[in-house]
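Engineer: I have a structure here, written as structure tokens, and I will follow up with some questions on it.
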Amino acid sequence: MVYLQAALLAIPGFLSGVLAETRNFDFTPDGFERSAVLINGEFPGPLITVNKGDSVSIPTHNQLTDPGMRRSTSIHWHGFFQSRSSCPIPPNTTFTYAFDTAGQTGNFWYHSHLSTQYCDGLRGVFVVYDMYDVDDESTIITLADWYHDLAPAAQTDFFKTGVVPIPDSGLINGVGRFVGGPEVPFAVVNVEQGKRYRLRVFAISSDGIEHDPATVQNIDIYTAISTTGGDPAGNPNFNPNLTLAILRYKGAPKADPTTNNPGGAKLLDTQMHPIASENPGMLGDGPADVAITLNISQPNPPFWDINGISYVSPTVPVLLQLLSGAKKPQDLLPSEQIFILPKNKLIEVSIPGTGAHPFHIHGHAFDVIRPSNVNETNFKNPLRRDVQPVNGGNMTFRFFSGNPGAWFLHCHIDWHLEAGLAVVFAEAPEDNISGDQAQIVPEDWDSLCPDYDALSPELQ
């Protein structure tokens, strides 16, 4: 068991035994100062590194105070197959996140999952190491969009105007520039000629499943403007050509780069195939046991519908409903937004919707048997991940329902999620209560929901 002390949100360091101070911090990653929700004053939050097979215990203390932002919080450990989610942590409250990495390795991250709070800075990197040549803190690259407006205010404007907030800058390893702002030094990754490096790039998807190598010069990363759903021309501060970092060889001059996007082959989804040990194509090519179609529409902008319903968080979390004995659609509220999945079945989800939406599932990774705008279906060796974009054409994925719980499927553009682009899968309801995979409910987890519900609106 690996123990990490955290104060809110503060993860003061790997294996640290000192509880850090927690508060909102003033932050200037692109030269513009604003208050932010940070972990120990850092953006991205402190790097968490563990080894394959480790379990973690992370006591987290919330001392957020800024009335301009959400003062409760909830952390999602993105990409890990956890057994449960939790209600938000109220101010001045400690809650311990404890889970097993369950043999998973690779790139993961953590971020707030309370409303649009992660847009205010609460996010960080979580690496589970296996064995590589050069693979350490110096080869980690984080990508983020950054807003000068606080997330609650930006969200209010979005709902009033229908205009999706556009970031003011893009950050690489926590720094960036905006038009007319100071020339903040670009992040630098130092390398030496003749050595082989593994660069771990963190955006909105985890990378805990190894895929066969492919030789390319460009890759699409779903972050910055590509995940806001808006037009960069909508914010004069934002210039994507200022979202840069420097790969600097030992002995090279310390100067800003003079080239941008040199071209070359780009990695395609159809080129990504899990390595043999990941058992590619293990779900087979037979018909699915449960087939679900999720039709995206926007009849009432800026809100989004799935199958004619805009998601609204239930007053009682779905997992609590399952633990209270809910088993059938009529037992669950709101039933229109919840799909019950039988246990140990092959599930196929098709999303034919328009627009650009990176969809993320909790509790699973899925096989993308048909990426958007691809006419062929690949059952033999489809790519496997937990985030996949719908880009103006049908996207279909499959997974096996072997992990009981209440699992969110949502667009990872937080503005779109807050506008209703989500559903919940209630997986194997009875197995959440009894059997080998039954939920073990710690006392502090059980008290979070009533403590949060009792808060006045300004503290939630």
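In the structure tokens, chains take letters A, B, ... by order of appearance, with residues numbered from 1 within each chain and ligands from 1 in the order shown.
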Could you tell me, as a PyMOL selection string, which residues of range 309-405 of chain A DSSP assigns to helix (DSSP H, G or I) when given the backbone?
Structural biologist: chain A and resi 318-323+329-331+335-337
Engineer: Please provide as JSON, numbers by chain all residues within 12 Å of range 236-246 of chain A, with the sequence filter that same-chain residues fewer than 6 positions apart are discarded (counting only C-alpha atoms).
Structural biologist: {"A": [30, 31, 32, 141, 142, 143, 144, 145, 146, 147, 148, 165, 166, 167, 168, 169, 170, 171, 172, 173, 174, 175, 176, 177, 178, 179, 180, 181, 182, 183, 184, 185, 186, 187, 188, 189, 190, 191, 223, 224, 225, 226, 230, 252, 253, 254, 255, 256, 257, 258, 259, 260, 261]}
Engineer: Rounded to one decimal in Å, what is the spacing between CA of Trp415 in chain A and CA of Phe158 in chain A?
Structural biologist: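 Pair CA of Trp415 in chain A / CA of Phe158 in chain A returns 8.1 Å.
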Engineer: For Trp304 in chain A, list every protein, DNA or RNA residue within 9 Å, evaluated using only C-alpha atoms, and leave out those in the same chain fewer than 5 positions away; present the list as a VMD selection string.
Structural biologist: chain A and resid 296 to 299 309 to 311 416 to 417 419 to 422
Engineer: Write the residues of the selection above to a file with N, CA, C and O atoms, as a compact mmCIF listing (two decimals), in the first residue's frame.
Structural biologist:
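Just written: selection39.txt:
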```txt
# COMPACT_ATOMS: atom_id res chain seq x y z
N ILE A 296 -27.29 12.15 -30.35
CA ILE A 296 -27.00 13.49 -29.84
C ILE A 296 -27.80 14.51 -30.63
O ILE A 296 -27.85 14.47 -31.86
N SER A 297 -28.41 15.43 -29.92
CA SER A 297 -29.13 16.53 -30.57
C SER A 297 -29.04 17.77 -29.69
O SER A 297 -28.65 17.70 -28.52
N GLN A 298 -29.43 18.89 -30.26
CA GLN A 298 -29.38 20.15 -29.52
C GLN A 298 -30.62 20.99 -29.88
O GLN A 298 -30.51 22.06 -30.48
N PRO A 299 -31.80 20.51 -29.47
CA PRO A 299 -33.02 21.25 -29.80
C PRO A 299 -33.20 22.53 -28.99
O PRO A 299 -33.99 23.40 -29.37
N ILE A 309 -33.09 13.57 -24.12
CA ILE A 309 -33.04 13.94 -22.70
C ILE A 309 -31.72 14.64 -22.41
O ILE A 309 -30.65 14.16 -22.79
N SER A 310 -31.78 15.77 -21.73
CA SER A 310 -30.59 16.48 -21.28
C SER A 310 -30.26 16.03 -19.86
O SER A 310 -31.12 16.07 -18.97
N TYR A 311 -29.03 15.57 -19.66
CA TYR A 311 -28.66 15.00 -18.36
C TYR A 311 -28.67 16.05 -17.26
O TYR A 311 -28.10 17.15 -17.41
N HIS A 416 -19.86 21.12 -22.24
CA HIS A 416 -20.90 20.27 -22.83
C HIS A 416 -21.49 19.32 -21.78
O HIS A 416 -22.70 19.06 -21.79
N LEU A 417 -20.63 18.78 -20.91
CA LEU A 417 -21.14 17.92 -19.84
C LEU A 417 -22.11 18.69 -18.96
O LEU A 417 -23.20 18.21 -18.64
N ALA A 419 -23.88 21.04 -19.77
CA ALA A 419 -25.08 21.33 -20.57
C ALA A 419 -25.85 20.07 -20.93
O ALA A 419 -26.74 20.12 -21.79
N GLY A 420 -25.52 18.93 -20.29
CA GLY A 420 -26.39 17.78 -20.39
C GLY A 420 -25.92 16.62 -21.22
O GLY A 420 -26.68 15.65 -21.41
N LEU A 421 -24.67 16.60 -21.71
CA LEU A 421 -24.21 15.58 -22.65
C LEU A 421 -23.62 14.39 -21.88
O LEU A 421 -22.40 14.20 -21.83
N ALA A 422 -24.50 13.57 -21.30
CA ALA A 422 -24.05 12.45 -20.48
C ALA A 422 -25.19 11.48 -20.24
O ALA A 422 -26.38 11.83 -20.34
```
Engineer: To one decimal place in Å, what is the distance between CA of Tyr110 in chain A and CA of His76 in chain A?
Structural biologist: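 Those two atoms sit 5.6 Å apart.
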Engineer: Write out as a PyMOL selection string the residues lying within 10 Å of Val374 in chain A, counting only C-alpha atoms and excluding same-chain residues fewer than 5 positions away.
Structural biologist: chain A and resi 269-270+369+393-395
Engineer: Please, could you write that set of residues out with N, CA and C atoms as a PDB file, in the first residue's frame?
Structural biologist:
```pdb
ATOM      1  N   ASP A 269      -6.448   6.680 -36.020  1.00  0.00           N
ATOM      2  CA  ASP A 269      -7.032   5.706 -35.105  1.00  0.00           C
ATOM      3  C   ASP A 269      -6.936   4.292 -35.657  1.00  0.00           C
ATOM      4  N   THR A 270      -7.065   4.149 -36.967  1.00  0.00           N
ATOM      5  CA  THR A 270      -7.038   2.826 -37.580  1.00  0.00           C
ATOM      6  C   THR A 270      -5.658   2.185 -37.553  1.00  0.00           C
ATOM      7  N   ILE A 369     -14.538  -0.294 -32.234  1.00  0.00           N
ATOM      8  CA  ILE A 369     -14.615  -1.132 -33.430  1.00  0.00           C
ATOM      9  C   ILE A 369     -14.903  -0.305 -34.685  1.00  0.00           C
ATOM     10  N   GLY A 393     -19.547  11.961 -37.216  1.00  0.00           N
ATOM     11  CA  GLY A 393     -19.972  10.712 -37.812  1.00  0.00           C
ATOM     12  C   GLY A 393     -20.033   9.619 -36.766  1.00  0.00           C
ATOM     13  N   ASN A 394     -20.715   8.513 -37.093  1.00  0.00           N
ATOM     14  CA  ASN A 394     -20.942   7.450 -36.121  1.00  0.00           C
ATOM     15  C   ASN A 394     -19.640   6.910 -35.531  1.00  0.00           C
ATOM     16  N   MET A 395     -19.653   6.683 -34.213  1.00  0.00           N
ATOM     17  CA  MET A 395     -18.563   6.012 -33.508  1.00  0.00           C
ATOM     18  C   MET A 395     -19.179   4.879 -32.695  1.00  0.00           C
TER      19      MET A 395
END
```
Engineer: Which polymer residues have any atom within 10 Å of an atom of Ile351 in chain A, counting only C-alpha atoms, with same-chain residues fewer than 5 positions away left out, as a list of chain:residue names?
Structural biologist: A:Ile292, A:Thr293, A:Leu294, A:Asn295, A:Ile296, A:Ile306, A:Phe359, A:Ser372, A:Pro389, A:Val390, A:Gly392, A:Gly393, A:Asn394, A:Met395, A:Thr396, A:Phe397
Engineer: Give the answer as one residue: which of A:Ser350, A:Ser74, A:Ser138, A:Ser35 has the shortest atom-to-atom distance to Ala151 in chain A, using only C-alpha atoms?
Structural biologist: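 For Ala151 in chain A, the nearest of the candidates is A:Ser35.
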Engineer: Quick one: pull the distance between CA of Tyr118 in chain A and CA of Leu341 in chain A, Å, one decimal.
Structural biologist: 29.3 Å
Engineer: Might you pull out every residue within 9 Å of Lys266 in chain A, with only C-alpha atoms counted and same-chain residues fewer than 6 positions away left off, and present them as number ranges by chain?
Structural biologist: A: 215-220
Engineer: Can you tell me, as a list in words, what residues are no more than 8 Å from Tyr129 in chain A when counting only C-alpha atoms, ignoring any on the same chain fewer than 4 positions away?
Structural biologist: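 Returned residues: Thr49, Val50, Asn51, Lys52, Thr105 and Gly106 of chain A.
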Engineer: Tell me, which residues of range 415-445 of chain A carry DSSP strand (DSSP E or B), written as a PDB file with C-alpha atoms, in the first residue's frame?
Structural biologist:
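As a result, result_26.pdb now contains:
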```
ATOM      1  CA  ALA A 422     -24.051  12.450 -20.475  1.00  0.00           C
ATOM      2  CA  VAL A 423     -25.750   9.222 -19.417  1.00  0.00           C
ATOM      3  CA  VAL A 424     -25.144   6.701 -16.607  1.00  0.00           C
ATOM      4  CA  PHE A 425     -24.725   2.933 -16.892  1.00  0.00           C
ATOM      5  CA  ALA A 426     -26.053   1.052 -13.852  1.00  0.00           C
ATOM      6  CA  GLU A 427     -24.037  -2.144 -14.183  1.00  0.00           C
TER       7      GLU A 427
END
```
